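Reproduced below: protein15.cif, with mmCIF, C-alpha atoms.
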data_input
#
loop_
_atom_site.group_PDB
_atom_site.id
_atom_site.type_symbol
_atom_site.label_atom_id
_atom_site.label_comp_id
_atom_site.auth_asym_id
_atom_site.auth_seq_id
_atom_site.Cartn_x
_atom_site.Cartn_y
_atom_site.Cartn_z
ATOM 1 C CA MET R 1 -1.474 6.118 7.049
ATOM 2 C CA VAL R 2 -1.828 8.549 4.141
ATOM 3 C CA ALA R 3 -2.137 11.505 6.545
ATOM 4 C CA PHE R 4 1.066 10.429 8.326
ATOM 5 C CA LEU R 5 2.781 10.071 4.968
ATOM 6 C CA LEU R 6 1.809 13.588 3.945
ATOM 7 C CA LEU R 7 2.809 14.993 7.342
ATOM 8 C CA GLY R 8 6.155 13.209 7.071
ATOM 9 C CA CYS R 9 6.719 14.582 3.576
ATOM 10 C CA PHE R 10 6.055 18.117 4.813
ATOM 11 C CA THR R 11 8.380 17.529 7.771
ATOM 12 C CA VAL R 12 11.422 16.228 5.865
ATOM 13 C CA GLY R 13 10.966 17.716 2.394
ATOM 14 C CA TYR R 14 9.301 20.304 0.241
ATOM 15 C CA VAL R 15 5.755 19.507 -0.903
ATOM 16 C CA ARG R 16 3.627 21.142 -3.592
ATOM 17 C CA ILE R 17 0.028 19.990 -4.112
ATOM 18 C CA GLY R 18 -2.062 21.171 -7.044
ATOM 19 C CA TRP R 19 -5.551 20.378 -8.305
ATOM 20 C CA THR R 20 -5.566 18.655 -11.694
ATOM 21 C CA GLY R 21 -8.967 20.191 -12.420
ATOM 22 C CA THR R 22 -10.141 19.616 -15.956
ATOM 23 C CA HIS R 23 -6.767 18.288 -17.152
ATOM 24 C CA VAL R 24 -7.864 14.680 -16.704
ATOM 25 C CA PRO R 25 -11.153 13.481 -18.225
ATOM 26 C CA ALA R 26 -13.688 12.113 -15.735
ATOM 27 C CA ALA R 27 -13.863 8.809 -17.633
ATOM 28 C CA THR R 28 -10.100 8.360 -17.205
ATOM 29 C CA LEU R 29 -10.329 9.043 -13.475
ATOM 30 C CA ILE R 30 -13.243 6.632 -13.052
ATOM 31 C CA GLY R 31 -11.364 3.984 -15.030
ATOM 32 C CA TRP R 32 -8.289 4.317 -12.805
ATOM 33 C CA LEU R 33 -10.404 4.189 -9.645
ATOM 34 C CA ILE R 34 -12.114 0.988 -10.810
ATOM 35 C CA LEU R 35 -8.738 -0.490 -11.753
ATOM 36 C CA LEU R 36 -7.282 0.303 -8.305
ATOM 37 C CA LEU R 37 -10.293 -1.229 -6.545
ATOM 38 C CA ALA R 38 -10.107 -4.365 -8.696
ATOM 39 C CA ALA R 39 -6.310 -4.705 -8.445
ATOM 40 C CA ALA R 40 -6.391 -4.527 -4.640
ATOM 41 C CA ALA R 41 -9.196 -7.097 -4.528
ATOM 42 C CA ASN R 42 -7.246 -9.388 -6.848
ATOM 43 C CA GLU R 43 -4.035 -9.076 -4.809
ATOM 44 C CA GLU R 44 -5.891 -9.700 -1.549
ATOM 45 C CA LEU R 45 -7.507 -12.839 -2.966
ATOM 46 C CA ILE R 46 -4.188 -14.111 -4.309
ATOM 47 C CA PHE R 47 -1.966 -13.292 -1.326
ATOM 48 C CA ARG R 48 -4.334 -13.204 1.667
ATOM 49 C CA GLY R 49 -7.220 -15.376 0.565
ATOM 50 C CA PHE R 50 -7.191 -19.144 0.241
ATOM 51 C CA PRO R 51 -3.380 -19.503 -0.093
ATOM 52 C CA LEU R 52 -2.746 -17.775 3.245
ATOM 53 C CA GLN R 53 -5.409 -19.848 4.964
ATOM 54 C CA VAL R 54 -3.944 -23.115 3.668
ATOM 55 C CA LEU R 55 -0.384 -22.124 4.562
ATOM 56 C CA ILE R 56 -1.399 -21.059 8.070
ATOM 57 C CA GLU R 57 -2.868 -24.530 8.622
ATOM 58 C CA ALA R 58 0.228 -26.199 7.168
ATOM 59 C CA ILE R 59 3.124 -24.202 8.654
ATOM 60 C CA GLY R 60 1.672 -21.695 11.149
ATOM 61 C CA ALA R 61 0.671 -18.048 10.982
ATOM 62 C CA TRP R 62 4.005 -16.218 10.972
ATOM 63 C CA PRO R 63 5.823 -18.483 8.503
ATOM 64 C CA ALA R 64 2.795 -18.225 6.180
ATOM 65 C CA ILE R 65 2.640 -14.435 6.576
ATOM 66 C CA ILE R 66 6.351 -14.066 5.797
ATOM 67 C CA ALA R 67 6.276 -16.449 2.815
ATOM 68 C CA LEU R 68 3.299 -14.826 1.111
ATOM 69 C CA SER R 69 4.525 -11.314 1.904
ATOM 70 C CA ILE R 70 7.824 -12.099 0.180
ATOM 71 C CA LEU R 71 5.879 -13.331 -2.850
ATOM 72 C CA PHE R 72 3.799 -10.113 -2.705
ATOM 73 C CA GLY R 73 7.016 -8.079 -2.790
ATOM 74 C CA LEU R 74 8.445 -10.143 -5.638
ATOM 75 C CA ALA R 75 5.233 -9.607 -7.627
ATOM 76 C CA HIS R 76 6.043 -5.865 -7.586
ATOM 77 C CA SER R 77 9.764 -6.240 -8.351
ATOM 78 C CA GLY R 78 9.281 -5.631 -12.071
ATOM 79 C CA ASN R 79 7.575 -2.277 -11.532
ATOM 80 C CA PRO R 80 9.358 0.843 -12.841
ATOM 81 C CA ASN R 81 12.067 2.261 -10.541
ATOM 82 C CA ALA R 82 11.810 -0.661 -8.106
ATOM 83 C CA SER R 83 14.584 -0.620 -5.511
ATOM 84 C CA ARG R 84 15.641 -2.936 -2.712
ATOM 85 C CA LEU R 85 14.071 -0.607 -0.145
ATOM 86 C CA GLY R 86 10.896 -0.400 -2.245
ATOM 87 C CA MET R 87 10.687 -4.187 -2.393
ATOM 88 C CA ALA R 88 11.362 -4.479 1.345
ATOM 89 C CA ASN R 89 8.572 -1.986 1.999
ATOM 90 C CA THR R 90 6.223 -3.893 -0.298
ATOM 91 C CA VAL R 91 7.010 -7.049 1.673
ATOM 92 C CA LEU R 92 6.326 -5.082 4.882
ATOM 93 C CA ALA R 93 3.001 -3.885 3.426
ATOM 94 C CA GLY R 94 2.225 -7.543 2.697
ATOM 95 C CA VAL R 95 2.935 -8.339 6.350
ATOM 96 C CA LEU R 96 0.549 -5.554 7.397
ATOM 97 C CA PHE R 97 -2.219 -6.839 5.114
ATOM 98 C CA SER R 98 -1.647 -10.453 6.219
ATOM 99 C CA VAL R 99 -1.718 -9.582 9.916
ATOM 100 C CA ALA R 100 -4.957 -7.684 9.295
ATOM 101 C CA TYR R 101 -6.412 -10.817 7.714
ATOM 102 C CA VAL R 102 -5.240 -13.078 10.557
ATOM 103 C CA LYS R 103 -6.682 -10.762 13.213
ATOM 104 C CA ARG R 104 -10.121 -10.521 11.617
ATOM 105 C CA ARG R 105 -10.298 -13.727 9.542
ATOM 106 C CA SER R 106 -11.837 -11.604 6.838
ATOM 107 C CA LEU R 107 -10.410 -10.000 3.711
ATOM 108 C CA TRP R 108 -12.326 -6.767 4.323
ATOM 109 C CA LEU R 109 -9.791 -5.191 6.715
ATOM 110 C CA PRO R 110 -6.701 -5.868 4.569
ATOM 111 C CA TYR R 111 -8.654 -4.859 1.465
ATOM 112 C CA GLY R 112 -9.712 -1.602 3.130
ATOM 113 C CA ILE R 113 -6.157 -0.794 4.205
ATOM 114 C CA HIS R 114 -4.823 -1.706 0.746
ATOM 115 C CA VAL R 115 -7.420 0.364 -1.117
ATOM 116 C CA GLY R 116 -7.076 3.272 1.310
ATOM 117 C CA TRP R 117 -3.332 3.419 0.714
ATOM 118 C CA ASN R 118 -3.419 2.947 -3.070
ATOM 119 C CA VAL R 119 -6.330 5.321 -3.673
ATOM 120 C CA GLY R 120 -5.021 7.858 -1.161
ATOM 121 C CA ILE R 121 -1.475 8.149 -2.457
ATOM 122 C CA GLY R 122 -2.040 7.339 -6.119
ATOM 123 C CA PHE R 123 -5.544 8.401 -7.134
ATOM 124 C CA VAL R 124 -6.108 11.306 -4.738
ATOM 125 C CA LEU R 125 -2.637 12.775 -4.147
ATOM 126 C CA GLY R 126 -0.951 11.772 -7.398
ATOM 127 C CA PHE R 127 2.194 10.158 -5.968
ATOM 128 C CA HIS R 128 3.794 7.381 -7.966
ATOM 129 C CA LEU R 129 2.223 4.129 -6.795
ATOM 130 C CA SER R 130 4.765 1.292 -6.665
ATOM 131 C CA GLY R 131 6.598 2.991 -9.521
ATOM 132 C CA LEU R 132 3.479 3.579 -11.612
ATOM 133 C CA HIS R 133 2.122 6.996 -12.508
ATOM 134 C CA ILE R 134 -1.671 7.013 -12.628
ATOM 135 C CA ALA R 135 -4.296 9.654 -13.334
ATOM 136 C CA SER R 136 -5.172 11.490 -10.135
ATOM 137 C CA LEU R 137 -7.354 14.197 -8.649
ATOM 138 C CA TRP R 138 -4.343 16.191 -7.440
ATOM 139 C CA THR R 139 -0.698 16.274 -8.357
ATOM 140 C CA THR R 140 1.777 16.199 -5.524
ATOM 141 C CA GLY R 141 5.375 17.104 -6.062
ATOM 142 C CA ILE R 142 7.929 16.484 -3.356
ATOM 143 C CA ALA R 143 11.581 17.366 -3.071
ATOM 144 C CA GLY R 144 13.925 15.888 -0.535
ATOM 145 C CA SER R 145 15.897 12.753 0.158
ATOM 146 C CA ASP R 146 14.842 9.882 -2.109
ATOM 147 C CA THR R 147 15.981 7.485 0.617
ATOM 148 C CA ILE R 148 13.401 8.960 2.980
ATOM 149 C CA LEU R 149 10.637 9.961 0.544
ATOM 150 C CA GLY R 150 10.919 7.169 -2.020
ATOM 151 C CA GLY R 151 11.920 8.895 -5.244
ATOM 152 C CA ASP R 152 10.412 7.737 -8.530
ATOM 153 C CA TYR R 153 9.062 4.488 -7.052
ATOM 154 C CA GLY R 154 6.804 6.643 -4.917
ATOM 155 C CA PRO R 155 6.527 6.840 -1.147
ATOM 156 C CA GLU R 156 6.712 3.031 -0.887
ATOM 157 C CA GLY R 157 10.383 3.308 -1.881
ATOM 158 C CA GLY R 158 11.431 5.342 1.162
ATOM 159 C CA LEU R 159 12.165 5.009 4.848
ATOM 160 C CA LEU R 160 9.086 7.065 5.717
ATOM 161 C CA ALA R 161 6.925 4.248 4.320
ATOM 162 C CA THR R 162 9.029 1.700 6.231
ATOM 163 C CA PHE R 163 8.057 3.474 9.438
ATOM 164 C CA ILE R 164 4.386 3.835 8.435
ATOM 165 C CA PHE R 165 3.953 0.198 7.352
ATOM 166 C CA GLY R 166 5.869 -1.106 10.369
ATOM 167 C CA ALA R 167 3.951 1.023 12.888
ATOM 168 C CA SER R 168 0.651 0.122 11.227
ATOM 169 C CA ALA R 169 1.474 -3.596 11.381
ATOM 170 C CA VAL R 170 2.239 -3.289 15.104
ATOM 171 C CA ILE R 171 -1.046 -1.451 15.705
ATOM 172 C CA VAL R 172 -3.081 -3.965 13.679
ATOM 173 C CA ASN R 173 -1.322 -6.840 15.442
ATOM 174 C CA ARG R 174 -2.705 -5.518 18.748
ATOM 175 C CA ILE R 175 -6.293 -6.038 17.559
ATOM 176 C CA LYS R 176 -7.936 -8.860 19.459
ATOM 177 C CA PRO R 177 -8.353 -11.871 17.171
ATOM 178 C CA ARG R 178 -11.808 -13.129 16.264
#

Written as structure tokens, how would this file's structure read?
Amino acid sequence: MVAFLLLGCFTVGYVRIGWTGTHVPAATLIGWLILLLAAAANEELIFRGFPLQVLIEAIGAWPAIIALSILFGLAHSGNPNASRLGMANTVLAGVLFSVAYVKRRSLWLPYGIHVGWNVGIGFVLGFHLSGLHIASLWTTGIAGSDTILGGDYGPEGGLLATFIFGASAVIVNRIKPR
């Protein structure tokens, strides 16, 4: 997903990637990495753990997926530079993570996808992550259409992420259930 994001950014915009080198202390980087790992685990437990399981039993898989994905999007609505498209994409990411849970009946797959995305775009590449700027290994600057690339909310605020999350959800949905 991150590779397709970067390829898309190069295709429709101008991209500059630079190494942060010694500009960010190692302790700061380690702290951010731990925070990203813990935040994804927390969100997966809250939105794809027990609540999703109970709702699936009560109302069915797709209504439960949609309901909790909307709540996942709303939980990010107060982030800096949040937009309607950014919130829609966050809901779509929630659908992706929920479908991954339903297909495997384990939090490991959605957690892995969640961490891979957050660490890849935020910690490694230095994009804004849901509107937040975090310490990163590299800094990536992009220029182009904010509607496509996401602007100050980060890639999750653009149509490129809509395509990536949607295509990923379709691919994950094709996994044979356990």

* Work out how far CA of Ala143 (chain R) is from CA of Phe10 (chain R), in Å to one decimal. =>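 Going from CA of Phe10 (chain R) over to CA of Ala143 (chain R), I get 9.7 Å.
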
Env of His76 (chain R): 12 Å cut, atoms = only C-alpha atoms, seq-sep filter 4 positions within chain, self excluded. Answer as a PDB file with C-alpha atoms, keeping the file's coordinate frame.
ATOM      1  CA  GLU R  43      -4.035  -9.076  -4.809  1.00  0.00           C
ATOM      2  CA  SER R  69       4.525 -11.314   1.904  1.00  0.00           C
ATOM      3  CA  ILE R  70       7.824 -12.099   0.180  1.00  0.00           C
ATOM      4  CA  LEU R  71       5.879 -13.331  -2.850  1.00  0.00           C
ATOM      5  CA  PHE R  72       3.799 -10.113  -2.705  1.00  0.00           C
ATOM      6  CA  PRO R  80       9.358   0.843 -12.841  1.00  0.00           C
ATOM      7  CA  ASN R  81      12.067   2.261 -10.541  1.00  0.00           C
ATOM      8  CA  ALA R  82      11.810  -0.661  -8.106  1.00  0.00           C
ATOM      9  CA  SER R  83      14.584  -0.620  -5.511  1.00  0.00           C
ATOM     10  CA  ARG R  84      15.641  -2.936  -2.712  1.00  0.00           C
ATOM     11  CA  GLY R  86      10.896  -0.400  -2.245  1.00  0.00           C
ATOM     12  CA  MET R  87      10.687  -4.187  -2.393  1.00  0.00           C
ATOM     13  CA  ALA R  88      11.362  -4.479   1.345  1.00  0.00           C
ATOM     14  CA  ASN R  89       8.572  -1.986   1.999  1.00  0.00           C
ATOM     15  CA  THR R  90       6.223  -3.893  -0.298  1.00  0.00           C
ATOM     16  CA  VAL R  91       7.010  -7.049   1.673  1.00  0.00           C
ATOM     17  CA  ALA R  93       3.001  -3.885   3.426  1.00  0.00           C
ATOM     18  CA  GLY R  94       2.225  -7.543   2.697  1.00  0.00           C
ATOM     19  CA  LEU R 129       2.223   4.129  -6.795  1.00  0.00           C
ATOM     20  CA  SER R 130       4.765   1.292  -6.665  1.00  0.00           C
ATOM     21  CA  GLY R 131       6.598   2.991  -9.521  1.00  0.00           C
ATOM     22  CA  LEU R 132       3.479   3.579 -11.612  1.00  0.00           C
ATOM     23  CA  TYR R 153       9.062   4.488  -7.052  1.00  0.00           C
ATOM     24  CA  GLU R 156       6.712   3.031  -0.887  1.00  0.00           C
ATOM     25  CA  GLY R 157      10.383   3.308  -1.881  1.00  0.00           C
TER      26      GLY R 157
END

* Asked: Hey, can you check how far CA of Phe165 (chain R) sits from CA of Thr147 (chain R)?
  ->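 Calculated distance between CA of Phe165 (chain R) and CA of Thr147 (chain R) is 15.6 Å.
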
* **Exercise: Ile164 (chain R) partners within 9 Å, only C-alpha atoms, chain neighbours under 2 positions left out, as number ranges by chain** => R: 1-2, 4-5, 159-162, 166-169

* Counting only C-alpha atoms, figure out which residue out of R:Ile59, R:Ala27, R:Leu68, R:Ile134 gets nearest to Phe97 (chain R). =>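 Smallest distance to Phe97 (chain R) is found for R:Leu68.
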
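You will find CA of Ile56 (chain R) at 10.8 Å from CA of Ser98 (chain R).
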
* To do: Go through R:Val124, R:Ile171, R:Arg178, R:Gly144 and flag the residue nearest Leu33 (chain R), using all atoms listed in the file for the distances.
  =>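 Of R:Val124, R:Ile171, R:Arg178, R:Gly144, the one nearest Leu33 (chain R) is R:Val124, counting all atoms listed in the file.
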
* Evaluate the PyMOL selection byres ((chain R and resi 123) around 7) and record the selected residues as a PyMOL selection string, following the chain and residue labels used in the document. => chain R and resi 33+119-122+124-126+134-137

* **Given all atoms listed in the file as the counted atoms, nearest of R:His128, R:Lys103, R:His133, R:Arg16 to Val172 (chain R)** =>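 Between R:His128, R:Lys103, R:His133, R:Arg16, the residue approaching Val172 (chain R) most closely is R:Lys103.
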
* Check the smallest atom-to-atom distance from each of R:Leu37, R:Val15, R:Val24, R:Val99 to Ala61 (chain R) using all atoms listed in the file, then report the winner. => R:Val99

* To do: Name the residues in contact with Gly18 (chain R) at a cut-off of 9 Å, using all atoms listed in the file, excluding same-chain residues fewer than 3 positions from it; report them as a ChimeraX atom specification.
  => /R:21,125,137-141

Put those residues in a file: C-alpha atoms, as a short mmCIF file (atom, residue, chain, number, x, y, z; two decimals), in the frame of the given file.
data_model
loop_
_atom_site.label_atom_id
_atom_site.label_comp_id
_atom_site.auth_asym_id
_atom_site.auth_seq_id
_atom_site.Cartn_x
_atom_site.Cartn_y
_atom_site.Cartn_z
CA GLY R 21 -8.97 20.19 -12.42
CA LEU R 125 -2.64 12.78 -4.15
CA LEU R 137 -7.35 14.20 -8.65
CA TRP R 138 -4.34 16.19 -7.44
CA THR R 139 -0.70 16.27 -8.36
CA THR R 140 1.78 16.20 -5.52
CA GLY R 141 5.38 17.10 -6.06
#

If we count all atoms listed in the file and set the cut-off at 10 Å, which residues sit around Trp108 (chain R), ignoring sequence neighbours fewer than 5 positions away in its own chain? Please answer as a PDB file with C-alpha atoms, in the frame of the given file.
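Here's the written file around25.pdb:
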ATOM      1  CA  ALA R  41      -9.196  -7.097  -4.528  1.00  0.00           C
ATOM      2  CA  GLU R  44      -5.891  -9.700  -1.549  1.00  0.00           C
ATOM      3  CA  ALA R 100      -4.957  -7.684   9.295  1.00  0.00           C
ATOM      4  CA  TYR R 101      -6.412 -10.817   7.714  1.00  0.00           C
ATOM      5  CA  ILE R 113      -6.157  -0.794   4.205  1.00  0.00           C
ATOM      6  CA  HIS R 114      -4.823  -1.706   0.746  1.00  0.00           C
TER       7      HIS R 114
END

Edge lengths and centre in Å to one decimal, as AutoDock Vina command-line options, is what I'm after for the box along x, y and z that holds all listed atoms of region 55-64 of chain R once 8 Å is added on each side.
--center_x 1.5 --center_y -21.2 --center_z 7.9 --size_x 24.7 --size_y 26.0 --size_z 22.6

Run the PyMOL selection byres ((chain R and resi 107) around 8) on the file and write out the hits as a tab-separated table (two decimals) with C-alpha atoms, in the frame of the given file.
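Below is the file that was written, part.tsv:
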chain	number	residue	atom	x	y	z
R	44	GLU	CA	-5.89	-9.70	-1.55
R	45	LEU	CA	-7.51	-12.84	-2.97
R	48	ARG	CA	-4.33	-13.20	1.67
R	49	GLY	CA	-7.22	-15.38	0.56
R	101	TYR	CA	-6.41	-10.82	7.71
R	104	ARG	CA	-10.12	-10.52	11.62
R	105	ARG	CA	-10.30	-13.73	9.54
R	106	SER	CA	-11.84	-11.60	6.84
R	108	TRP	CA	-12.33	-6.77	4.32
R	109	LEU	CA	-9.79	-5.19	6.72
R	110	PRO	CA	-6.70	-5.87	4.57
R	111	TYR	CA	-8.65	-4.86	1.46
